[in-house]
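Visitor: work_24.cif is reproduced in full below (mmCIF, C-alpha atoms and all ligand atoms).
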data_start
loop_
_atom_site.label_atom_id
_atom_site.label_comp_id
_atom_site.auth_asym_id
_atom_site.auth_seq_id
_atom_site.Cartn_x
_atom_site.Cartn_y
_atom_site.Cartn_z
CA MET N 1 -0.16 80.59 27.87
CA ASP N 2 0.44 77.24 26.11
CA VAL N 3 4.08 76.23 25.69
CA ILE N 4 4.58 73.66 22.96
CA VAL N 5 7.74 71.61 23.28
CA GLY N 6 8.79 70.43 19.82
CA GLY N 7 8.54 72.20 16.48
CA GLY N 8 8.03 69.35 14.04
CA VAL N 9 4.99 69.13 11.79
CA VAL N 10 2.83 68.19 14.78
CA GLY N 11 3.96 70.89 17.24
CA LEU N 12 3.98 73.61 14.59
CA SER N 13 0.53 72.63 13.28
CA VAL N 14 -0.92 72.68 16.78
CA ALA N 15 0.77 76.04 17.50
CA TRP N 16 -0.55 77.55 14.29
CA ARG N 17 -4.14 76.38 14.79
CA LEU N 18 -4.17 77.48 18.45
CA ALA N 19 -2.68 80.88 17.58
CA ARG N 20 -5.22 81.29 14.79
CA ALA N 21 -7.96 80.58 17.35
CA GLY N 22 -6.59 83.46 19.43
CA ARG N 23 -4.74 81.45 22.10
CA PRO N 24 -1.38 82.71 23.42
CA VAL N 25 1.28 80.17 22.38
CA THR N 26 5.07 79.78 22.53
CA VAL N 27 7.05 77.07 20.72
CA VAL N 28 10.30 75.68 22.16
CA ASP N 29 12.69 73.80 19.86
CA PRO N 30 16.46 74.16 19.34
CA ALA N 31 16.16 73.03 15.72
CA PRO N 32 12.59 73.28 14.45
CA ALA N 33 11.55 71.06 11.52
CA SER N 34 14.73 68.98 11.77
CA GLY N 35 13.26 65.73 13.14
CA ALA N 36 11.14 63.06 11.49
CA SER N 37 9.21 65.78 9.66
CA HIS N 38 12.38 66.61 7.70
CA ALA N 39 12.76 62.98 6.62
CA ALA N 40 9.09 62.23 5.86
CA ALA N 41 7.88 61.45 2.35
CA GLY N 42 4.59 63.25 2.96
CA MET N 43 2.14 60.61 1.79
CA LEU N 44 -1.41 61.38 2.87
CA ALA N 45 -2.46 57.85 2.08
CA PRO N 46 -4.72 56.27 4.70
CA VAL N 47 -6.38 53.94 2.19
CA SER N 48 -3.29 52.47 0.53
CA GLU N 49 -1.54 52.19 3.91
CA VAL N 50 -4.34 50.21 5.53
CA THR N 51 -3.27 47.07 7.35
CA TYR N 52 -5.36 44.19 8.71
CA THR N 53 -4.86 45.21 12.34
CA GLU N 54 -5.15 48.99 12.17
CA ALA N 55 -8.80 49.87 11.51
CA PRO N 56 -8.79 52.73 14.09
CA LEU N 57 -5.73 54.25 12.40
CA LEU N 58 -7.58 54.10 9.08
CA ARG N 59 -10.49 56.05 10.59
CA LEU N 60 -8.11 58.70 11.93
CA GLY N 61 -6.28 58.92 8.61
CA VAL N 62 -9.46 59.30 6.58
CA ALA N 63 -10.73 62.01 8.96
CA SER N 64 -7.44 63.90 8.75
CA LEU N 65 -7.17 63.58 4.97
CA ARG N 66 -10.61 65.19 4.74
CA ARG N 67 -9.20 68.17 6.64
CA TRP N 68 -6.06 68.53 4.49
CA PRO N 69 -7.40 70.68 1.59
CA ALA N 70 -8.78 73.42 3.88
CA PHE N 71 -5.76 73.17 6.21
CA ALA N 72 -3.39 73.58 3.25
CA ALA N 73 -5.35 76.43 1.69
CA GLU N 74 -5.42 78.38 4.97
CA LEU N 75 -1.78 77.62 5.68
CA ALA N 76 -0.67 78.72 2.22
CA ALA N 77 -2.65 81.94 2.65
CA ASP N 78 -1.28 82.62 6.15
CA ALA N 79 2.29 81.95 4.96
CA GLY N 80 1.84 84.17 1.90
CA LEU N 81 2.31 81.29 -0.56
CA GLY N 82 -0.82 81.50 -2.70
CA ASP N 83 -1.90 78.21 -4.30
CA PRO N 84 -1.25 75.21 -1.97
CA ARG N 85 -0.64 72.95 -4.98
CA THR N 86 2.49 74.89 -5.89
CA GLY N 87 3.31 76.35 -2.46
CA LEU N 88 3.10 73.05 -0.52
CA ASP N 89 3.21 70.61 -3.45
CA LEU N 90 -0.15 69.23 -2.31
CA ARG N 91 -1.26 66.67 -4.88
CA SER N 92 -4.26 64.37 -5.00
CA GLU N 93 -3.78 62.03 -7.96
CA GLY N 94 -3.96 58.98 -5.71
CA THR N 95 -1.69 56.07 -4.90
CA LEU N 96 -1.01 53.07 -7.11
CA ASP N 97 -0.06 49.98 -5.12
CA VAL N 98 1.61 47.45 -7.42
CA ALA N 99 2.73 43.82 -7.13
CA PHE N 100 5.93 42.44 -8.63
CA GLY N 101 6.11 38.67 -8.02
CA ALA N 102 3.42 35.95 -7.93
CA ASP N 103 3.40 35.99 -4.10
CA ASP N 104 3.07 39.77 -4.10
CA LEU N 105 0.07 39.49 -6.41
CA VAL N 106 -1.64 37.01 -4.08
CA ALA N 107 -1.05 39.39 -1.16
CA LEU N 108 -2.43 42.29 -3.23
CA ASP N 109 -5.58 40.31 -4.10
CA GLU N 110 -6.14 39.52 -0.42
CA LEU N 111 -5.67 43.19 0.45
CA ALA N 112 -8.12 44.18 -2.30
CA ALA N 113 -10.75 41.82 -0.84
CA TYR N 114 -10.19 43.27 2.65
CA MET N 115 -10.47 46.84 1.34
CA ASP N 116 -13.65 45.88 -0.45
CA LYS N 117 -15.08 44.57 2.83
CA LEU N 118 -14.25 47.89 4.48
CA GLY N 119 -15.97 49.72 1.64
CA LEU N 120 -12.78 51.59 0.68
CA PRO N 121 -12.75 53.27 -2.73
CA VAL N 122 -10.07 51.30 -4.63
CA GLU N 123 -9.81 49.95 -8.17
CA ARG N 124 -8.11 46.62 -9.01
CA LEU N 125 -5.95 46.98 -12.14
CA THR N 126 -4.08 44.55 -14.39
CA GLY N 127 -0.36 45.03 -15.05
CA ARG N 128 -1.16 46.59 -18.41
CA GLU N 129 -3.64 49.02 -16.86
CA CYS N 130 -1.00 50.00 -14.29
CA ARG N 131 1.52 50.73 -17.06
CA ARG N 132 -1.06 52.74 -18.97
CA LEU N 133 -1.35 54.98 -15.89
CA GLU N 134 2.38 54.97 -15.16
CA PRO N 135 4.42 54.19 -18.31
CA MET N 136 7.72 54.08 -16.39
CA LEU N 137 6.66 50.98 -14.44
CA ALA N 138 8.59 47.79 -15.19
CA PRO N 139 6.99 45.33 -17.66
CA SER N 140 7.16 42.71 -14.89
CA VAL N 141 4.65 44.55 -12.69
CA ARG N 142 1.76 42.06 -12.49
CA GLY N 143 -1.12 44.10 -11.19
CA GLY N 144 -2.12 46.93 -8.90
CA LEU N 145 -4.66 48.69 -6.74
CA LEU N 146 -5.45 52.34 -7.33
CA ALA N 147 -6.56 54.39 -4.33
CA PRO N 148 -7.76 57.50 -6.18
CA GLY N 149 -8.52 59.53 -3.05
CA ASP N 150 -5.03 59.35 -1.53
CA ALA N 151 -2.86 62.47 -1.69
CA TRP N 152 0.61 63.70 -0.80
CA VAL N 153 2.44 66.89 0.14
CA ASP N 154 6.03 68.07 0.60
CA PRO N 155 6.54 68.04 4.41
CA ARG N 156 9.58 70.34 4.18
CA ARG N 157 7.44 72.97 2.48
CA VAL N 158 4.70 72.42 5.05
CA THR N 159 6.99 73.01 8.04
CA ALA N 160 8.59 76.03 6.33
CA ALA N 161 5.10 77.44 5.72
CA LEU N 162 4.08 76.76 9.32
CA LEU N 163 7.15 78.62 10.59
CA ALA N 164 6.37 81.55 8.27
CA ALA N 165 2.71 81.61 9.35
CA LEU N 166 3.70 81.55 13.03
CA GLU N 167 6.11 84.44 12.48
CA ARG N 168 3.35 86.44 10.80
CA LEU N 169 1.10 85.72 13.81
CA ASP N 170 3.92 86.89 16.17
CA VAL N 171 4.12 83.50 17.90
CA PRO N 172 7.42 83.35 19.82
CA LEU N 173 9.79 80.56 18.77
CA VAL N 174 12.36 79.86 21.49
CA ARG N 175 15.31 78.05 19.90
CA GLU N 176 16.29 76.20 23.06
CA HIS N 177 16.44 72.60 24.25
CA ALA N 178 13.93 71.77 26.99
CA THR N 179 15.68 69.75 29.68
CA GLY N 180 12.67 69.12 31.91
CA LEU N 181 9.13 69.99 32.88
CA LEU N 182 8.61 72.18 35.93
CA ARG N 183 6.18 70.95 38.59
CA GLU N 184 4.23 72.92 41.12
CA ASP N 185 5.56 72.14 44.57
CA ALA N 186 3.10 69.66 46.11
CA GLY N 187 4.24 70.16 49.68
CA ARG N 188 7.76 68.75 49.73
CA ASP N 189 11.10 70.28 48.78
CA GLY N 190 12.02 69.58 45.19
CA THR N 191 14.91 67.31 44.45
CA GLY N 192 16.34 66.82 40.97
CA ASP N 193 17.83 70.08 39.71
CA GLY N 194 17.17 71.70 43.02
CA ASP N 195 16.01 75.19 43.88
CA ASP N 196 14.77 77.03 40.87
CA GLY N 197 12.73 79.67 42.66
CA ASP N 198 14.73 82.54 41.19
CA ARG N 199 14.27 81.26 37.68
CA ALA N 200 10.66 80.14 37.34
CA GLY N 201 9.05 81.64 40.38
CA ARG N 202 6.72 78.72 41.13
CA GLY N 203 8.03 75.49 39.65
CA SER N 204 10.51 72.87 40.69
CA MET N 205 11.99 69.80 39.01
CA GLY N 206 11.25 67.58 42.00
CA GLY N 207 8.87 64.65 42.31
CA ASP N 208 7.72 61.87 40.01
CA ARG N 209 8.12 62.13 36.29
CA PRO N 210 5.02 63.75 34.89
CA GLY N 211 3.08 61.77 32.34
CA LEU N 212 0.41 59.14 32.15
CA SER N 213 0.59 58.02 35.76
CA GLY N 214 0.10 61.61 36.93
CA GLY N 215 2.80 61.28 39.54
CA THR N 216 0.40 59.64 41.93
CA GLY N 217 2.77 56.94 43.10
CA GLY N 218 3.43 58.59 46.45
CA GLY N 219 5.71 61.22 44.92
CA SER N 220 5.66 64.96 45.34
CA GLY N 221 5.12 66.26 41.82
CA GLY N 222 2.11 68.47 41.26
CA ARG N 223 0.82 70.28 38.24
CA VAL N 224 3.18 70.98 35.33
CA VAL N 225 3.73 74.73 35.34
CA GLY N 226 6.48 75.31 32.80
CA VAL N 227 9.59 74.18 31.01
CA ARG N 228 13.22 74.24 32.01
CA LEU N 229 15.59 75.24 29.21
CA ARG N 230 19.23 74.27 28.80
CA ASP N 231 20.69 77.73 28.13
CA ALA N 232 17.93 80.20 28.97
CA PRO N 233 15.62 81.06 31.86
CA ASP N 234 12.68 78.74 32.55
CA ILE N 235 9.37 79.49 30.87
CA SER N 236 6.13 79.39 32.86
CA ALA N 237 3.04 77.93 31.22
CA ASP N 238 -0.62 77.39 32.01
CA ARG N 239 -0.33 74.25 29.90
CA VAL N 240 2.64 72.44 28.36
CA ILE N 241 1.91 70.55 25.15
CA LEU N 242 4.52 67.85 24.61
CA ALA N 243 5.15 67.42 20.87
CA ALA N 244 8.78 66.34 20.93
CA GLY N 245 8.27 63.36 18.59
CA ALA N 246 10.59 60.40 19.20
CA TRP N 247 12.26 62.30 22.07
CA SER N 248 9.04 62.78 24.07
CA ALA N 249 9.92 60.08 26.63
CA GLU N 250 13.01 62.08 27.64
CA LEU N 251 10.69 64.66 29.19
CA ALA N 252 7.72 62.65 30.44
CA ASP N 253 6.51 59.18 31.28
CA VAL N 254 5.03 58.30 27.87
CA PRO N 255 5.26 55.05 25.85
CA VAL N 256 6.99 56.56 22.82
CA ARG N 257 10.03 54.97 21.14
CA PRO N 258 12.10 55.88 18.07
CA VAL N 259 11.53 53.84 14.90
CA LYS N 260 14.27 54.57 12.38
CA GLY N 261 13.48 55.22 8.73
CA GLN N 262 16.02 55.73 5.95
CA ILE N 263 14.87 57.53 2.84
CA MET N 264 16.43 59.06 -0.27
CA ARG N 265 15.62 61.88 -2.63
CA LEU N 266 16.53 61.53 -6.30
CA ARG N 267 16.56 64.34 -8.84
CA SER N 268 15.13 64.04 -12.35
CA PRO N 269 14.83 66.71 -15.07
CA GLN N 270 11.19 65.67 -15.55
CA PRO N 271 8.79 63.96 -13.14
CA LEU N 272 9.12 60.20 -13.67
CA LEU N 273 5.73 59.36 -12.15
CA GLY N 274 2.35 61.07 -12.07
CA ARG N 275 1.22 59.68 -8.72
CA CYS N 276 2.60 57.87 -5.65
CA VAL N 277 3.61 54.32 -6.41
CA ARG N 278 3.92 51.78 -3.62
CA GLY N 279 5.03 48.29 -4.22
CA THR N 280 5.78 44.97 -2.66
CA VAL N 281 8.83 43.28 -4.12
CA HIS N 282 9.18 39.72 -2.82
CA GLY N 283 7.52 40.70 0.44
CA ALA N 284 9.47 43.95 1.04
CA SER N 285 7.62 47.22 0.61
CA VAL N 286 8.93 50.36 -1.02
CA TYR N 287 7.31 53.60 -2.18
CA LEU N 288 8.12 56.32 -4.68
CA VAL N 289 6.67 59.80 -4.23
CA PRO N 290 7.02 62.34 -7.08
CA ARG N 291 7.41 66.05 -6.39
CA GLY N 292 6.33 68.76 -8.81
CA ASP N 293 9.93 69.85 -9.42
CA GLY N 294 11.04 66.40 -10.61
CA GLU N 295 12.33 65.15 -7.26
CA LEU N 296 11.47 61.52 -6.54
CA VAL N 297 11.40 60.36 -2.92
CA VAL N 298 12.20 56.69 -2.33
CA GLY N 299 11.46 55.25 1.07
CA ALA N 300 11.60 53.92 3.62
CA THR N 301 13.16 51.40 5.96
CA GLN N 302 11.60 50.59 9.35
CA GLU N 303 14.21 49.68 11.94
CA GLU N 304 14.16 49.31 15.71
CA MET N 305 17.61 50.83 16.32
CA GLY N 306 17.02 53.25 19.20
CA PHE N 307 18.25 56.77 18.51
CA ASP N 308 20.66 55.69 15.76
CA THR N 309 20.32 58.00 12.73
CA ARG N 310 23.20 56.68 10.61
CA VAL N 311 22.44 56.24 6.96
CA THR N 312 23.72 52.78 6.05
CA ALA N 313 24.83 51.24 2.76
CA GLY N 314 22.55 48.26 3.41
CA GLY N 315 19.49 50.45 3.99
CA LEU N 316 20.01 52.44 0.79
CA TYR N 317 20.84 49.29 -1.18
CA GLU N 318 17.53 47.67 -0.22
CA LEU N 319 15.53 50.76 -1.13
CA LEU N 320 17.20 51.16 -4.53
CA ARG N 321 17.11 47.44 -5.30
CA ASP N 322 13.33 47.28 -4.74
CA ALA N 323 12.59 50.66 -6.35
CA ARG N 324 14.50 49.59 -9.46
CA GLU N 325 12.39 46.44 -9.80
CA LEU N 326 9.25 48.60 -9.97
CA VAL N 327 10.62 51.60 -11.91
CA PRO N 328 13.90 50.66 -13.65
CA GLY N 329 14.58 54.29 -14.62
CA VAL N 330 15.38 55.29 -11.03
CA THR N 331 18.98 54.16 -11.42
CA GLU N 332 19.58 56.96 -13.97
CA LEU N 333 18.63 59.68 -11.50
CA GLU N 334 20.97 61.87 -9.49
CA VAL N 335 21.01 61.29 -5.73
CA ALA N 336 20.03 64.59 -4.08
CA ASP N 337 19.70 63.66 -0.42
CA VAL N 338 19.77 60.67 1.93
CA VAL N 339 18.59 60.91 5.53
CA ALA N 340 17.43 58.80 8.43
CA GLY N 341 14.59 60.03 10.65
CA LEU N 342 13.06 58.75 13.86
CA ARG N 343 9.32 58.06 13.84
CA PRO N 344 7.68 58.41 17.25
CA GLY N 345 6.23 54.92 17.70
CA THR N 346 3.68 53.81 20.33
CA PRO N 347 2.72 50.26 21.39
CA ASP N 348 -0.55 50.34 19.36
CA ASN N 349 0.66 52.62 16.52
CA LEU N 350 -1.96 55.25 17.44
CA PRO N 351 -0.87 58.73 18.54
CA LEU N 352 -1.22 60.14 22.03
CA ILE N 353 -3.32 63.30 21.82
CA GLY N 354 -4.96 65.03 24.78
CA PRO N 355 -4.54 65.51 28.52
CA SER N 356 -1.96 63.29 30.20
CA GLY N 357 -2.51 61.99 33.70
CA THR N 358 -0.65 65.02 35.08
CA PRO N 359 -2.52 68.34 35.30
CA GLY N 360 -0.97 71.01 33.11
CA LEU N 361 0.54 68.51 30.68
CA THR N 362 -1.11 67.68 27.34
CA LEU N 363 0.34 65.26 24.78
CA ALA N 364 0.56 65.56 20.99
CA THR N 365 3.03 62.83 20.18
CA GLY N 366 3.46 59.21 19.05
CA HIS N 367 2.34 59.75 15.44
CA HIS N 368 4.66 57.01 14.17
CA ARG N 369 4.30 56.55 10.35
CA GLY N 370 1.56 59.17 9.91
CA GLY N 371 2.40 62.48 11.57
CA VAL N 372 2.17 64.49 8.37
CA LEU N 373 -1.18 62.95 7.49
CA LEU N 374 -2.49 63.33 11.05
CA ALA N 375 -1.26 66.88 11.77
CA PRO N 376 -4.56 68.66 10.89
CA LEU N 377 -6.57 66.14 12.92
CA THR N 378 -4.23 66.47 15.90
CA ALA N 379 -4.73 70.24 16.04
CA ALA N 380 -8.49 69.76 15.66
CA VAL N 381 -8.56 67.30 18.59
CA LEU N 382 -6.77 69.81 20.81
CA LEU N 383 -9.26 72.49 19.77
CA GLY N 384 -12.11 70.18 20.83
CA GLU N 385 -13.40 69.68 17.29
CA GLU N 386 -13.00 65.89 16.92
CA SER N 387 -14.59 63.80 19.65
CA GLU N 388 -14.23 60.31 18.07
CA ALA N 389 -10.53 60.92 17.35
CA ALA N 390 -10.06 62.34 20.86
CA THR N 391 -11.36 59.08 22.32
CA LEU N 392 -9.24 56.87 20.04
CA CYS N 393 -6.07 58.86 20.76
CA SER N 394 -6.64 59.51 24.45
CA PRO N 395 -3.43 58.93 26.44
CA ALA N 396 -5.65 57.45 29.17
CA ARG N 397 -5.63 54.12 27.29
CA PHE N 398 -2.09 53.51 28.59
CA ARG N 399 -2.59 54.85 32.09
CA ASP N 400 -3.04 51.47 33.74
CA ILE N 401 0.10 50.02 32.20
CA SER N 402 2.47 52.99 32.53
P1 LIG W 501 9.41 65.48 14.72
O1 LIG W 501 9.24 65.95 13.34
O2 LIG W 501 10.47 64.48 14.99
O3 LIG W 501 9.65 66.78 15.58
C1 LIG W 501 10.00 66.71 16.95
C2 LIG W 501 10.69 68.01 17.28
O4 LIG W 501 10.92 68.03 18.68
C3 LIG W 501 12.06 68.15 16.61
O5 LIG W 501 12.08 69.34 15.84
C4 LIG W 501 13.04 68.22 17.78
O6 LIG W 501 14.10 69.15 17.56
C5 LIG W 501 12.14 68.68 18.91
N1 LIG W 501 12.61 68.27 20.22
C6 LIG W 501 12.99 67.03 20.63
N2 LIG W 501 13.39 67.07 21.91
C7 LIG W 501 13.23 68.35 22.33
C8 LIG W 501 13.49 69.02 23.56
N3 LIG W 501 13.94 68.35 24.64
N4 LIG W 501 13.25 70.35 23.64
C9 LIG W 501 12.76 71.03 22.57
N5 LIG W 501 12.50 70.44 21.38
C10 LIG W 501 12.74 69.12 21.27
N6 LIG W 501 4.29 60.50 7.93
C11 LIG W 501 3.29 60.69 7.03
O7 LIG W 501 2.21 61.13 7.40
N7 LIG W 501 3.50 60.41 5.69
C12 LIG W 501 4.69 59.91 5.23
O8 LIG W 501 4.83 59.66 4.04
C13 LIG W 501 5.73 59.70 6.16
N8 LIG W 501 6.94 59.23 5.74
C14 LIG W 501 7.95 59.07 6.64
C15 LIG W 501 9.20 58.63 6.20
C16 LIG W 501 10.25 58.51 7.10
C17 LIG W 501 11.59 58.02 6.59
C18 LIG W 501 10.06 58.85 8.45
C19 LIG W 501 11.19 58.76 9.43
C20 LIG W 501 8.81 59.27 8.90
C21 LIG W 501 7.75 59.37 8.02
N9 LIG W 501 6.48 59.78 8.44
C22 LIG W 501 5.48 60.01 7.53
C23 LIG W 501 6.19 59.97 9.86
C24 LIG W 501 6.29 61.43 10.22
O9 LIG W 501 7.50 61.94 9.76
C25 LIG W 501 6.19 61.60 11.74
O10 LIG W 501 5.07 60.93 12.25
C26 LIG W 501 6.08 63.09 12.07
O11 LIG W 501 7.10 63.82 11.44
C27 LIG W 501 6.14 63.31 13.56
O12 LIG W 501 6.14 64.70 13.76
P2 LIG W 501 6.55 65.31 15.15
O13 LIG W 501 6.37 66.78 15.04
O14 LIG W 501 5.82 64.60 16.24
O15 LIG W 501 8.07 64.88 15.35
#
Let me see the structure of the file written as structure tokens.

Guide:
Amino acid sequence: MDVIVGGGVVGLSVAWRLARAGRPVTVVDPAPASGASHAAAGMLAPVSEVTYTEAPLLRLGVASLRRWPAFAAELAADAGLGDPRTGLDLRSEGTLDVAFGADDLVALDELAAYMDKLGLPVERLTGRECRRLEPMLAPSVRGGLLAPGDAWVDPRRVTAALLAALERLDVPLVREHATGLLREDAGRDGTGDGDDGDRAGRGSMGGDRPGLSGGTGGGSGGRVVGVRLRDAPDISADRVILAAGAWSAELADVPVRPVKGQIMRLRSPQPLLGRCVRGTVHGASVYLVPRGDGELVVGATQEEMGFDTRVTAGGLYELLRDARELVPGVTELEVADVVAGLRPGTPDNLPLIGPSGTPGLTLATGHHRGGVLLAPLTAAVLLGEESEAATLCSPARFRDIS
């Protein structure tokens, strides 16, 4: 049996696809869908998010976006939701990236030239053309880039649908906190939490930390054979899939760190925008994502603050200040929700998907800014359906430096 630790969009997607393929699966999470996936805006926007240094991430994003329509249709059906457009708020009207000041316009032109070189399908628009598409944009918007193939989805609906689909497939969800990974005894008495023979039967907490190095540094740890829970008996597993997002490094030796993002949800009687609008306002970026029910998501800060999830006045001020420059009408809207989430960042911004250096432990973590976008691809990699992505995301790339 596979035990998946972490029930965010990544862990739940992997669980659902594995269960659908007939594999026995259990998910462990004390509070499923409460992590970064609860905060996320849900942009499926590999083209408009492209940066000069992240060509591999672009390839992954494009491959995963291609999978989204079928993934959403099957998920909506399995969860009993019907049409994914209404059930998951999956929309595909594209992203409009706009520039506010003269410097922002220069940066946008450079980005357009780079996208052109990559052969990405984007259209360069004047300020007037932008406002024709989105009449609520400020008159001062100077120009834009339309990425017509980009899409977006409501991540909260996606995780709710995944939980419903898993329930319908009778996949056990253990609402417990995993405190450690159990190792097969490799010939030495376990240390750490001590004798657990009565609880797991074959595992101990002793030895090196499992992870990329595989516990080969002269320690005792063998194969990962299960999960220790805080308030319940241990669970044995043939394979543990670590999908604990920003908290993954608490359980294994993986280069994953929390990257804080503050984001707000505003409520409007009618949708203010017809598509996602991203913008650069004097160098700072902000995005606005419309939901079908009139909600407008405004995000997001990127802060290296450890596990701090406080929502700060300064963070919200910056978001609203920049959003108002692009779409002045946002200040009229009711504030529905403000949250801070922790993105699981890695040193190269690519996720870690696949076998770790320790037998019995597989990783599905480190999705940083794109876990919603990359969820279908992640499940496909673990099902052996995506060899190029499997190579790009292989945890082995960090093995020498762990
Ligand atoms: P999480 O959703 O954080 O889930 C991890 C789960 O693990 C949690 O449910 C937690 O309870 C559980 N867990 C942790 N420790 C343990 C333990 N010891 N035992 C058991 N369970 C445990 N991505 C996009 O693609 N598009 C976007 O537009 C986008 N916008 C974002 C905006 C913000 C403000 C933020 C913060 C992120 C955004 N992201 C976006 C990134 C995206 O949210 C993440 O990449 C994605 O949610 C990661 O999913 P996950 O399942 O790995 O982690």

Visitor: Measuring between all atoms listed in the file, which one of N:Leu65, N:Ala21, N:Ala390, N:Leu320 shows the shortest distance to N:Leu374?

Guide: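 Selected residue with least distance to N:Leu374: N:Leu65.
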
Visitor: Using only C-alpha atoms and all ligand atoms, what are the residues with an atom within 6 Å of ligand LIG 501 (chain W), set out as a PyMOL selection string?

Guide: chain N and resi 5-11+28-37+39-44+177-179+243-247+260-263+300+341-343+365+367-373

Visitor: Hey, can you check how far atom CA of N:Thr301 sits from atom CA of N:Gly315?

Guide: 6.7 Å

Visitor: If you measure from atom CA of N:Val174 to atom CA of N:Pro24, what distance in Å do you get, rounded to one decimal?

Guide: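 Between atom CA of N:Val174 and atom CA of N:Pro24 the gap works out to 14.2 Å.
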
Visitor: For a test of reading the model, state the distance in Å between atom CA of N:Leu111 and atom CA of N:Pro46, rounded to one decimal.

Guide: 13.8 Å

Visitor: Given only C-alpha atoms as the basis, pick out the residue of N:Glu49, N:Glu167, N:Glu385, N:Asp293 nearest to N:Ser268.

Guide: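 Closest to N:Ser268 of all the choices is N:Asp293.
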
Visitor: Report as a VMD selection string all protein, DNA and RNA residues lying within 12 Å of N:Val297, evaluated on only C-alpha atoms, omitting residues in the same chain fewer than 3 positions from it.

Guide: chain N and resid 39 to 43 152 to 155 262 to 268 271 to 273 275 to 278 286 to 294 300 319 to 320 323 330 333 to 339

Visitor: Using only C-alpha atoms, determine which residues lie at most 9 Å from stretch 50-52 of chain N, disregarding the query and same-chain residues fewer than 4 positions distant; provide the list as an mmCIF file with C-alpha atoms, in the frame of the given file.

Guide:
data_model
loop_
_atom_site.group_PDB
_atom_site.id
_atom_site.type_symbol
_atom_site.label_atom_id
_atom_site.label_comp_id
_atom_site.auth_asym_id
_atom_site.auth_seq_id
_atom_site.Cartn_x
_atom_site.Cartn_y
_atom_site.Cartn_z
ATOM 1 C CA ALA N 45 -2.460 57.850 2.080
ATOM 2 C CA PRO N 46 -4.720 56.270 4.700
ATOM 3 C CA LEU N 57 -5.730 54.250 12.400
ATOM 4 C CA LEU N 58 -7.580 54.100 9.080
ATOM 5 C CA LEU N 111 -5.670 43.190 0.450
ATOM 6 C CA TYR N 114 -10.190 43.270 2.650
ATOM 7 C CA MET N 115 -10.470 46.840 1.340
#
